[in-house]
Amino acid sequence: MTESRIPYTQWIGRHEITDDDLGLAPALAAAATFDDTVTPLGNGSALPPLWHWFYFLPKTPQALLGVDGHPQRGGFMPPIPYPRRMFAGARLRFHRPLIIGQPARREAVIRDIKEKSGRSGSLAFVSVLCRFYQDGALCIEEEQDIVYREPGPAVACPRVIDWPPLPSGVWSRIVEPEPRLLFRFSALTFNAHRIHYDRPYAINEEGYPGLVVHGPLTAVLLMELLRRETAQAVLDYSFRGLAPLFDLAPFRLVGTLVDGRVSLEAQGPDGAAAMSASAELAPA
């Protein structure tokens with residue numbers, strides 16, 4: 001595999017600032033989506049980790065959406081021509097919670113752009129660093145990995161197996177990724193990418209066997225599993241997508257806590273890891 005800098009260097013260092021009043025409504029909508037009836041939510045409450053993804057959203061005019069539903073490229077993000085875009089992973093550090101009902105700011109900068117080519121075709125990797133501030137204090141640092149890739153062969157329908165039993169003490173949850181959940185998450189994140197709700201488009205245009213589960217949705221569900229099992233604060237969190245999940249069969253979330261660190265995994269219906277994640281907890 002060869003690697004070289006792609007010719008979009010003028011985008012490296014580009015900044016974007018987004019302000020948000022962190023109103024209560026998106027948090028209540030998220031709680032309803034995740035069937036969360038226990039987290040206290042109101043003005044002045046701490047926003048649960050990763051729920052900042054439901055704020056600071058781009059407000060792209062309808063006329064500026066591409067055929068796939070993504071905003072047309074060439075503004076903050078570089079105009080990379082590869083049509084398939086994925087939020088492939090991120091690394092986050094939580095310094096202090098964002099507080100609902102208080103103004104906050106997101107400052108984003110493009111740190112790097114790289115191209116790779118190999119057996120899977122051409123890909124472009126964009127690294128975006130986001131910092132979130134409230135009352136002048138840094139609350140969250142997040143480095144995102146955004147991947148663009150060329151169209152590839154059609155993706156096969158996942159094989160379904162009986163998951164092996166888990167060892168004692170392992171956290172777990174079975175998720176049914178049905179279309180209503182995917183639609184609600186698209187609405188929470190103002191994400192019009194058609195692979196998550198338009199089945200004919202996902203199958204006929206992008207070659208998937210069904211609707212695609214959002215990578216960030218899987219990452220949030222893994223975090224929600226952690227929050228269900230422990231009240232300790234999360235200091236850092238990282239995740240990496242390994243394979244797509246679809247609305248065709250349930251998938252399993254698992255987590256293991258060892259010495260203040262949690263290893264997490266989303267397992268597809270074939271038993272293979274679709275996402276891996278890791279979190280460090282504050283001392284109890």
# chains A, B, ... in the order shown; residues from 1 in each chain; ligands from 1

call {"tool": "closest_atom_pairs", "arguments": {"of": "stretch 103-158 of chain A", "to": "stretch 216-219 of chain A", "cutoff": "12 Å", "atoms": "only C-alpha atoms", "output": "JSON lines"}}
result
{"residue": "A:Gln144", "atom": "CA", "partner": "A:Pro216", "partner_atom": "CA", "distance": 10.9}
{"residue": "A:Asp145", "atom": "CA", "partner": "A:Pro216", "partner_atom": "CA", "distance": 11.7}
{"residue": "A:Ile146", "atom": "CA", "partner": "A:Pro216", "partner_atom": "CA", "distance": 11.7}

call {"tool": "select_by_dssp", "arguments": {"residues": "stretch 32-176 of chain A", "states": "strand (DSSP E or B)", "output": "VMD selection string"}}
result
chain A and resid 46 65 71 84 to 94 99 104 to 118 121 to 134 137 to 149 171 to 175

call {"tool": "residues_around", "arguments": {"residues": "stretch 267-279 of chain A", "least_positions_apart": "6", "cutoff": "6 Å", "atoms": "only C-alpha atoms", "output": "list in words"}}
result
Arg159, Val160, Ile161, Asp236, Tyr237, Ser238, Phe239, Arg240, Gly241, Leu242, Ala243, Phe251, Arg252 and Arg261 of chain A

call {"tool": "write_last_selection", "arguments": {"atoms": "N, CA and C atoms", "output": "PDB file, in the first residue's frame"}}
result
ATOM      1  N   ARG A 159     -24.047 -12.904   7.669  1.00  0.00           N
ATOM      2  CA  ARG A 159     -24.411 -14.242   8.142  1.00  0.00           C
ATOM      3  C   ARG A 159     -24.877 -14.132   9.592  1.00  0.00           C
ATOM      4  N   VAL A 160     -25.859 -14.920   9.983  1.00  0.00           N
ATOM      5  CA  VAL A 160     -26.395 -14.876  11.345  1.00  0.00           C
ATOM      6  C   VAL A 160     -26.024 -16.171  12.057  1.00  0.00           C
ATOM      7  N   ILE A 161     -25.398 -16.023  13.232  1.00  0.00           N
ATOM      8  CA  ILE A 161     -25.017 -17.177  14.034  1.00  0.00           C
ATOM      9  C   ILE A 161     -25.593 -17.021  15.438  1.00  0.00           C
ATOM     10  N   ASP A 236     -12.020   9.528  29.322  1.00  0.00           N
ATOM     11  CA  ASP A 236     -11.733   9.514  27.891  1.00  0.00           C
ATOM     12  C   ASP A 236     -12.471   8.354  27.241  1.00  0.00           C
ATOM     13  N   TYR A 237     -12.628   8.468  25.926  1.00  0.00           N
ATOM     14  CA  TYR A 237     -13.371   7.464  25.171  1.00  0.00           C
ATOM     15  C   TYR A 237     -12.833   7.472  23.747  1.00  0.00           C
ATOM     16  N   SER A 238     -12.610   6.306  23.213  1.00  0.00           N
ATOM     17  CA  SER A 238     -12.185   6.197  21.823  1.00  0.00           C
ATOM     18  C   SER A 238     -12.927   5.036  21.181  1.00  0.00           C
ATOM     19  N   PHE A 239     -13.149   5.145  19.877  1.00  0.00           N
ATOM     20  CA  PHE A 239     -13.826   4.059  19.170  1.00  0.00           C
ATOM     21  C   PHE A 239     -13.313   4.003  17.743  1.00  0.00           C
ATOM     22  N   ARG A 240     -13.455   2.836  17.131  1.00  0.00           N
ATOM     23  CA  ARG A 240     -13.036   2.629  15.752  1.00  0.00           C
ATOM     24  C   ARG A 240     -13.997   1.665  15.076  1.00  0.00           C
ATOM     25  N   GLY A 241     -14.541   2.091  13.949  1.00  0.00           N
ATOM     26  CA  GLY A 241     -15.416   1.231  13.185  1.00  0.00           C
ATOM     27  C   GLY A 241     -14.625   0.195  12.411  1.00  0.00           C
ATOM     28  N   LEU A 242     -15.082  -1.038  12.449  1.00  0.00           N
ATOM     29  CA  LEU A 242     -14.373  -2.142  11.800  1.00  0.00           C
ATOM     30  C   LEU A 242     -15.164  -2.756  10.647  1.00  0.00           C
ATOM     31  N   ALA A 243     -16.480  -2.725  10.735  1.00  0.00           N
ATOM     32  CA  ALA A 243     -17.337  -3.304   9.702  1.00  0.00           C
ATOM     33  C   ALA A 243     -18.716  -2.687   9.843  1.00  0.00           C
ATOM     34  N   PHE A 251     -27.610  -6.890  16.723  1.00  0.00           N
ATOM     35  CA  PHE A 251     -26.193  -6.982  17.054  1.00  0.00           C
ATOM     36  C   PHE A 251     -26.035  -6.907  18.566  1.00  0.00           C
ATOM     37  N   ARG A 252     -24.872  -7.331  19.050  1.00  0.00           N
ATOM     38  CA  ARG A 252     -24.654  -7.434  20.489  1.00  0.00           C
ATOM     39  C   ARG A 252     -23.569  -6.454  20.937  1.00  0.00           C
ATOM     40  N   ARG A 261     -10.642   0.713  33.565  1.00  0.00           N
ATOM     41  CA  ARG A 261     -10.712   0.879  32.112  1.00  0.00           C
ATOM     42  C   ARG A 261     -11.709  -0.120  31.553  1.00  0.00           C
TER      43      ARG A 261
END

call {"tool": "closest_residue", "arguments": {"among": "A:Ala32, A:Glu141, A:Arg73, A:Glu115", "to": "A:His52", "atoms": "only C-alpha atoms"}}
result
A:Glu141

call {"tool": "select_by_dssp", "arguments": {"residues": "stretch 45-90 of chain A", "states": "helix (DSSP H, G or I)", "output": "PyMOL selection string"}}
result
chain A and resi 51-54+62-64

call {"tool": "write_last_selection", "arguments": {"atoms": "all heavy atoms", "output": "CSV table (one decimal), in the first residue's frame"}}
result
chain,number,residue,atom,x,y,z
A,51,TRP,N,-23.5,13.0,24.0
A,51,TRP,CA,-24.7,13.7,23.6
A,51,TRP,C,-24.5,15.1,23.0
A,51,TRP,O,-25.4,15.7,22.5
A,51,TRP,CB,-25.7,13.8,24.8
A,51,TRP,CG,-26.3,12.4,25.1
A,51,TRP,CD1,-25.8,11.2,24.9
A,51,TRP,CD2,-27.6,12.2,25.8
A,51,TRP,NE1,-26.6,10.2,25.4
A,51,TRP,CE2,-27.7,10.8,25.9
A,51,TRP,CE3,-28.6,13.1,26.2
A,51,TRP,CZ2,-28.8,10.3,26.5
A,51,TRP,CZ3,-29.7,12.5,26.8
A,51,TRP,CH2,-29.8,11.1,27.0
A,52,HIS,N,-23.2,15.6,23.1
A,52,HIS,CA,-22.9,16.8,22.4
A,52,HIS,C,-23.1,16.7,20.9
A,52,HIS,O,-23.2,17.7,20.1
A,52,HIS,CB,-21.5,17.3,22.7
A,52,HIS,CG,-20.4,16.4,22.3
A,52,HIS,ND1,-20.1,15.2,22.9
A,52,HIS,CD2,-19.6,16.5,21.2
A,52,HIS,CE1,-19.1,14.6,22.3
A,52,HIS,NE2,-18.7,15.4,21.2
A,53,TRP,N,-23.1,15.4,20.4
A,53,TRP,CA,-23.3,15.2,18.9
A,53,TRP,C,-24.7,15.6,18.5
A,53,TRP,O,-25.0,15.7,17.3
A,53,TRP,CB,-23.1,13.7,18.6
A,53,TRP,CG,-21.6,13.3,18.6
A,53,TRP,CD1,-20.5,14.1,18.6
A,53,TRP,CD2,-21.1,12.0,18.7
A,53,TRP,NE1,-19.4,13.4,18.6
A,53,TRP,CE2,-19.7,12.1,18.7
A,53,TRP,CE3,-21.7,10.7,18.7
A,53,TRP,CZ2,-18.9,10.9,18.7
A,53,TRP,CZ3,-20.9,9.6,18.7
A,53,TRP,CH2,-19.5,9.7,18.7
A,54,PHE,N,-25.6,15.9,19.4
A,54,PHE,CA,-27.0,16.3,19.1
A,54,PHE,C,-27.1,17.8,19.1
A,54,PHE,O,-28.2,18.3,18.9
A,54,PHE,CB,-28.0,15.7,20.0
A,54,PHE,CG,-27.8,14.2,20.2
A,54,PHE,CD1,-27.8,13.6,21.5
A,54,PHE,CD2,-27.5,13.4,19.1
A,54,PHE,CE1,-27.6,12.2,21.6
A,54,PHE,CE2,-27.3,12.0,19.3
A,54,PHE,CZ,-27.3,11.4,20.5
A,62,GLN,N,-31.3,23.0,2.0
A,62,GLN,CA,-31.7,21.8,1.2
A,62,GLN,C,-31.1,21.9,-0.2
A,62,GLN,O,-30.7,20.8,-0.7
A,62,GLN,CB,-33.3,21.8,1.1
A,62,GLN,CG,-33.8,20.5,0.5
A,62,GLN,CD,-33.8,19.4,1.5
A,62,GLN,OE1,-33.5,19.5,2.6
A,62,GLN,NE2,-34.0,18.2,0.9
A,63,ALA,N,-31.0,23.0,-0.8
A,63,ALA,CA,-30.5,23.1,-2.2
A,63,ALA,C,-29.0,22.8,-2.3
A,63,ALA,O,-28.5,22.5,-3.4
A,63,ALA,CB,-30.7,24.6,-2.7
A,64,LEU,N,-28.3,22.8,-1.1
A,64,LEU,CA,-26.9,22.5,-1.1
A,64,LEU,C,-26.6,21.1,-0.7
A,64,LEU,O,-25.4,20.8,-0.4
A,64,LEU,CB,-26.2,23.5,-0.2
A,64,LEU,CG,-26.3,25.0,-0.7
A,64,LEU,CD1,-25.5,25.9,0.2
A,64,LEU,CD2,-25.8,25.1,-2.1

call {"tool": "closest_atom_pairs", "arguments": {"of": "stretch 173-263 of chain A", "to": "stretch 57-61 of chain A", "cutoff": "12 Å", "atoms": "only C-alpha atoms", "output": "JSON lines"}}
result
{"residue": "A:Ser186", "atom": "CA", "partner": "A:Leu57", "partner_atom": "CA", "distance": 11.6}
{"residue": "A:Ala187", "atom": "CA", "partner": "A:Leu57", "partner_atom": "CA", "distance": 10.9}
{"residue": "A:Leu188", "atom": "CA", "partner": "A:Leu57", "partner_atom": "CA", "distance": 9.4}
{"residue": "A:Thr189", "atom": "CA", "partner": "A:Leu57", "partner_atom": "CA", "distance": 6.8}
{"residue": "A:Phe190", "atom": "CA", "partner": "A:Leu57", "partner_atom": "CA", "distance": 6.8}
{"residue": "A:Asn191", "atom": "CA", "partner": "A:Leu57", "partner_atom": "CA", "distance": 9.0}
{"residue": "A:Ala192", "atom": "CA", "partner": "A:Thr60", "partner_atom": "CA", "distance": 10.2}

call {"tool": "residues_around", "arguments": {"residues": "A:Thr256", "least_positions_apart": "4", "cutoff": "10 Å", "atoms": "only C-alpha atoms", "output": "short mmCIF file (atom, residue, chain, number, x, y, z; two decimals) with all heavy atoms, in the first residue's frame"}}
result
data_model
loop_
_atom_site.label_atom_id
_atom_site.label_comp_id
_atom_site.auth_asym_id
_atom_site.auth_seq_id
_atom_site.Cartn_x
_atom_site.Cartn_y
_atom_site.Cartn_z
N PRO A 167 -18.47 -14.60 29.29
CA PRO A 167 -18.00 -14.92 30.65
C PRO A 167 -18.79 -14.16 31.70
O PRO A 167 -19.39 -13.11 31.43
CB PRO A 167 -16.53 -14.47 30.61
CG PRO A 167 -16.17 -14.37 29.16
CD PRO A 167 -17.43 -14.01 28.45
N GLY A 169 -19.69 -11.65 34.50
CA GLY A 169 -19.24 -10.30 34.79
C GLY A 169 -19.13 -9.39 33.58
O GLY A 169 -18.89 -8.19 33.73
N VAL A 170 -19.32 -9.93 32.38
CA VAL A 170 -19.26 -9.11 31.17
C VAL A 170 -20.60 -8.41 30.96
O VAL A 170 -21.66 -9.04 31.05
CB VAL A 170 -18.90 -9.97 29.95
CG1 VAL A 170 -19.00 -9.16 28.66
CG2 VAL A 170 -17.50 -10.54 30.10
N TRP A 171 -20.57 -7.11 30.70
CA TRP A 171 -21.79 -6.38 30.41
C TRP A 171 -22.24 -6.73 29.00
O TRP A 171 -21.43 -6.95 28.10
CB TRP A 171 -21.55 -4.88 30.46
CG TRP A 171 -20.90 -4.36 31.71
CD1 TRP A 171 -20.90 -4.96 32.94
CD2 TRP A 171 -20.16 -3.15 31.84
NE1 TRP A 171 -20.21 -4.19 33.83
CE2 TRP A 171 -19.74 -3.07 33.18
CE3 TRP A 171 -19.83 -2.13 30.98
CZ2 TRP A 171 -19.00 -2.00 33.67
CZ3 TRP A 171 -19.08 -1.06 31.45
CH2 TRP A 171 -18.68 -0.99 32.78
N SER A 172 -23.55 -6.73 28.77
CA SER A 172 -24.01 -7.03 27.42
C SER A 172 -25.41 -6.46 27.20
O SER A 172 -26.17 -6.23 28.15
CB SER A 172 -24.01 -8.53 27.14
OG SER A 172 -24.98 -9.20 27.92
N LEU A 226 -22.18 1.42 28.97
CA LEU A 226 -21.27 1.77 30.06
C LEU A 226 -22.02 2.55 31.14
O LEU A 226 -21.91 2.26 32.33
CB LEU A 226 -20.10 2.57 29.49
CG LEU A 226 -18.97 2.99 30.43
CD1 LEU A 226 -17.70 3.26 29.61
CD2 LEU A 226 -19.31 4.25 31.23
N ARG A 261 -10.64 0.71 33.57
CA ARG A 261 -10.71 0.88 32.11
C ARG A 261 -11.71 -0.12 31.55
O ARG A 261 -11.74 -1.29 31.95
CB ARG A 261 -9.34 0.68 31.47
CG ARG A 261 -9.34 1.03 30.00
CD ARG A 261 -8.12 1.84 29.57
NE ARG A 261 -8.43 2.59 28.35
CZ ARG A 261 -8.54 3.89 28.28
NH1 ARG A 261 -8.36 4.62 29.36
NH2 ARG A 261 -8.81 4.49 27.15
N VAL A 262 -12.53 0.34 30.62
CA VAL A 262 -13.58 -0.48 30.04
C VAL A 262 -13.24 -0.76 28.58
O VAL A 262 -12.97 0.16 27.80
CB VAL A 262 -14.96 0.22 30.12
CG1 VAL A 262 -16.05 -0.69 29.56
CG2 VAL A 262 -15.28 0.61 31.56
N SER A 263 -13.25 -2.03 28.21
CA SER A 263 -13.13 -2.44 26.82
C SER A 263 -14.52 -2.77 26.31
O SER A 263 -15.26 -3.53 26.95
CB SER A 263 -12.22 -3.65 26.68
OG SER A 263 -10.90 -3.35 27.09
N LEU A 264 -14.87 -2.20 25.16
CA LEU A 264 -16.22 -2.34 24.61
C LEU A 264 -16.15 -2.83 23.18
O LEU A 264 -15.18 -2.56 22.46
CB LEU A 264 -16.95 -1.00 24.65
CG LEU A 264 -17.19 -0.40 26.05
CD1 LEU A 264 -17.22 1.11 25.99
CD2 LEU A 264 -18.49 -0.93 26.63
N GLU A 265 -17.21 -3.52 22.76
CA GLU A 265 -17.25 -4.04 21.40
C GLU A 265 -18.69 -4.21 20.96
O GLU A 265 -19.55 -4.64 21.73
CB GLU A 265 -16.52 -5.38 21.33
CG GLU A 265 -16.34 -5.93 19.92
CD GLU A 265 -15.48 -7.18 19.91
OE1 GLU A 265 -14.24 -7.05 19.81
OE2 GLU A 265 -16.05 -8.29 20.04
N SER A 278 -12.98 1.94 23.80
CA SER A 278 -12.30 1.87 25.09
C SER A 278 -12.60 3.15 25.86
O SER A 278 -12.71 4.22 25.27
CB SER A 278 -10.79 1.71 24.90
OG SER A 278 -10.11 1.68 26.13
#

call {"tool": "closest_residue", "arguments": {"among": "A:Phe56, A:Arg149, A:Arg105, A:Cys130", "to": "A:Ile80", "atoms": "only C-alpha atoms"}}
result
A:Arg149

call {"tool": "residues_around", "arguments": {"residues": "A:Gly260", "least_positions_apart": "3", "cutoff": "9 Å", "atoms": "only C-alpha atoms", "output": "list in words"}}
result
Leu257, Ala279, Glu280, Leu281, Ala282, Pro283 and Ala284 of chain A
